[in-house]
Amino acid sequence: MEVQSYTGRCLCGNIEFALNAKPVWIGYCHCSSCRRATGAAAVTHVGVDDSDLSFVKGTRKIYESSPGVRRGFCSDCGSPVSYDSDRYKSYTQIYIGIFDKPELLIPQAHVHCNERIAWFNTKDNLPYFSGTGDDGSGDWKN
């Protein structure tokens, strides 16, 4: 059986990563913190086991956006790269926009829909959760 692999990089290419397994979870986040961190109306996270993820070039700058929550970005071009939280053990979420082939990664749900911008609607049939939903941590909260 062939191991799935994915690669990606920040805008300037100073940070590169490789994911050597299928993602644990892929989903849209509508929370205000993710919107502010990225400047987007919603964010798509790709949740991965840390053991399957390697940063092969560069070092992320880490910003603690709230207690126990860290957001990684490129300090050269400003590209958002990652999100991780004390809530998740050995698990990181990578922003889908920095993958080389994001079209291969299909979202499974929407989370934090209680914070969704009213005019933003993807018109899909995915599950919508007011809280975290199933983001790979196994912690369902509706």
# chains A, B, ... in the order shown; residues from 1 in each chain; ligands from 1
call {"tool": "residues_around", "arguments": {"residues": "Ser75 of chain A", "least_positions_apart": "6", "cutoff": "12 Å", "atoms": "only C-alpha atoms", "output": "ChimeraX atom specification"}}
result
/A:10-15,58-63,81
call {"tool": "write_last_selection", "arguments": {"atoms": "C-alpha atoms", "output": "PDB file, in the first residue's frame"}}
result
ATOM      1  CA  CYS A  10       4.541  29.575   2.686  1.00  0.00           C
ATOM      2  CA  LEU A  11       4.241  32.393   0.138  1.00  0.00           C
ATOM      3  CA  CYS A  12       7.963  33.191   0.022  1.00  0.00           C
ATOM      4  CA  GLY A  13       9.075  29.545   0.214  1.00  0.00           C
ATOM      5  CA  ASN A  14      11.186  29.990   3.347  1.00  0.00           C
ATOM      6  CA  ILE A  15       9.043  27.449   5.206  1.00  0.00           C
ATOM      7  CA  GLY A  58      12.681  27.089   7.778  1.00  0.00           C
ATOM      8  CA  THR A  59      11.261  27.678  11.223  1.00  0.00           C
ATOM      9  CA  ARG A  60       7.809  28.957  12.036  1.00  0.00           C
ATOM     10  CA  LYS A  61       7.429  31.983  14.240  1.00  0.00           C
ATOM     11  CA  ILE A  62       4.964  31.071  16.991  1.00  0.00           C
ATOM     12  CA  TYR A  63       2.389  33.450  18.450  1.00  0.00           C
ATOM     13  CA  VAL A  81       1.031  28.134   8.566  1.00  0.00           C
TER      14      VAL A  81
END
call {"tool": "select_by_dssp", "arguments": {"residues": "segment 19-121 of chain A", "states": "alpha helix (DSSP H)", "output": "PyMOL selection string"}}
result
chain A and resi 32-38
call {"tool": "closest_residue", "arguments": {"among": "A:Leu19, A:Ile117, A:Leu53, A:Ile98", "to": "Phe73 of chain A", "atoms": "only C-alpha atoms"}}
result
A:Ile98
call {"tool": "closest_residue", "arguments": {"among": "A:Asn20, A:Gln108, A:Thr38, A:Ser32", "to": "Tyr95 of chain A", "atoms": "only C-alpha atoms"}}
result
A:Thr38
call {"tool": "atom_distance", "arguments": {"atom1": "atom CA of Val69 of chain A", "atom2": "atom CA of Trp25 of chain A"}}
result
18.3 Å
call {"tool": "closest_residue", "arguments": {"among": "A:Val43, A:Val111, A:Ile96, A:Leu105", "to": "Gln4 of chain A", "atoms": "only C-alpha atoms"}}
result
A:Leu105
call {"tool": "atom_distance", "arguments": {"atom1": "atom CA of Tyr6 of chain A", "atom2": "atom CA of Leu104 of chain A"}}
result
9.0 Å
call {"tool": "residues_around", "arguments": {"residues": "Phe17 of chain A", "least_positions_apart": "3", "cutoff": "8 Å", "atoms": "only C-alpha atoms", "output": "PyMOL selection string"}}
result
chain A and resi 7-9+53-57
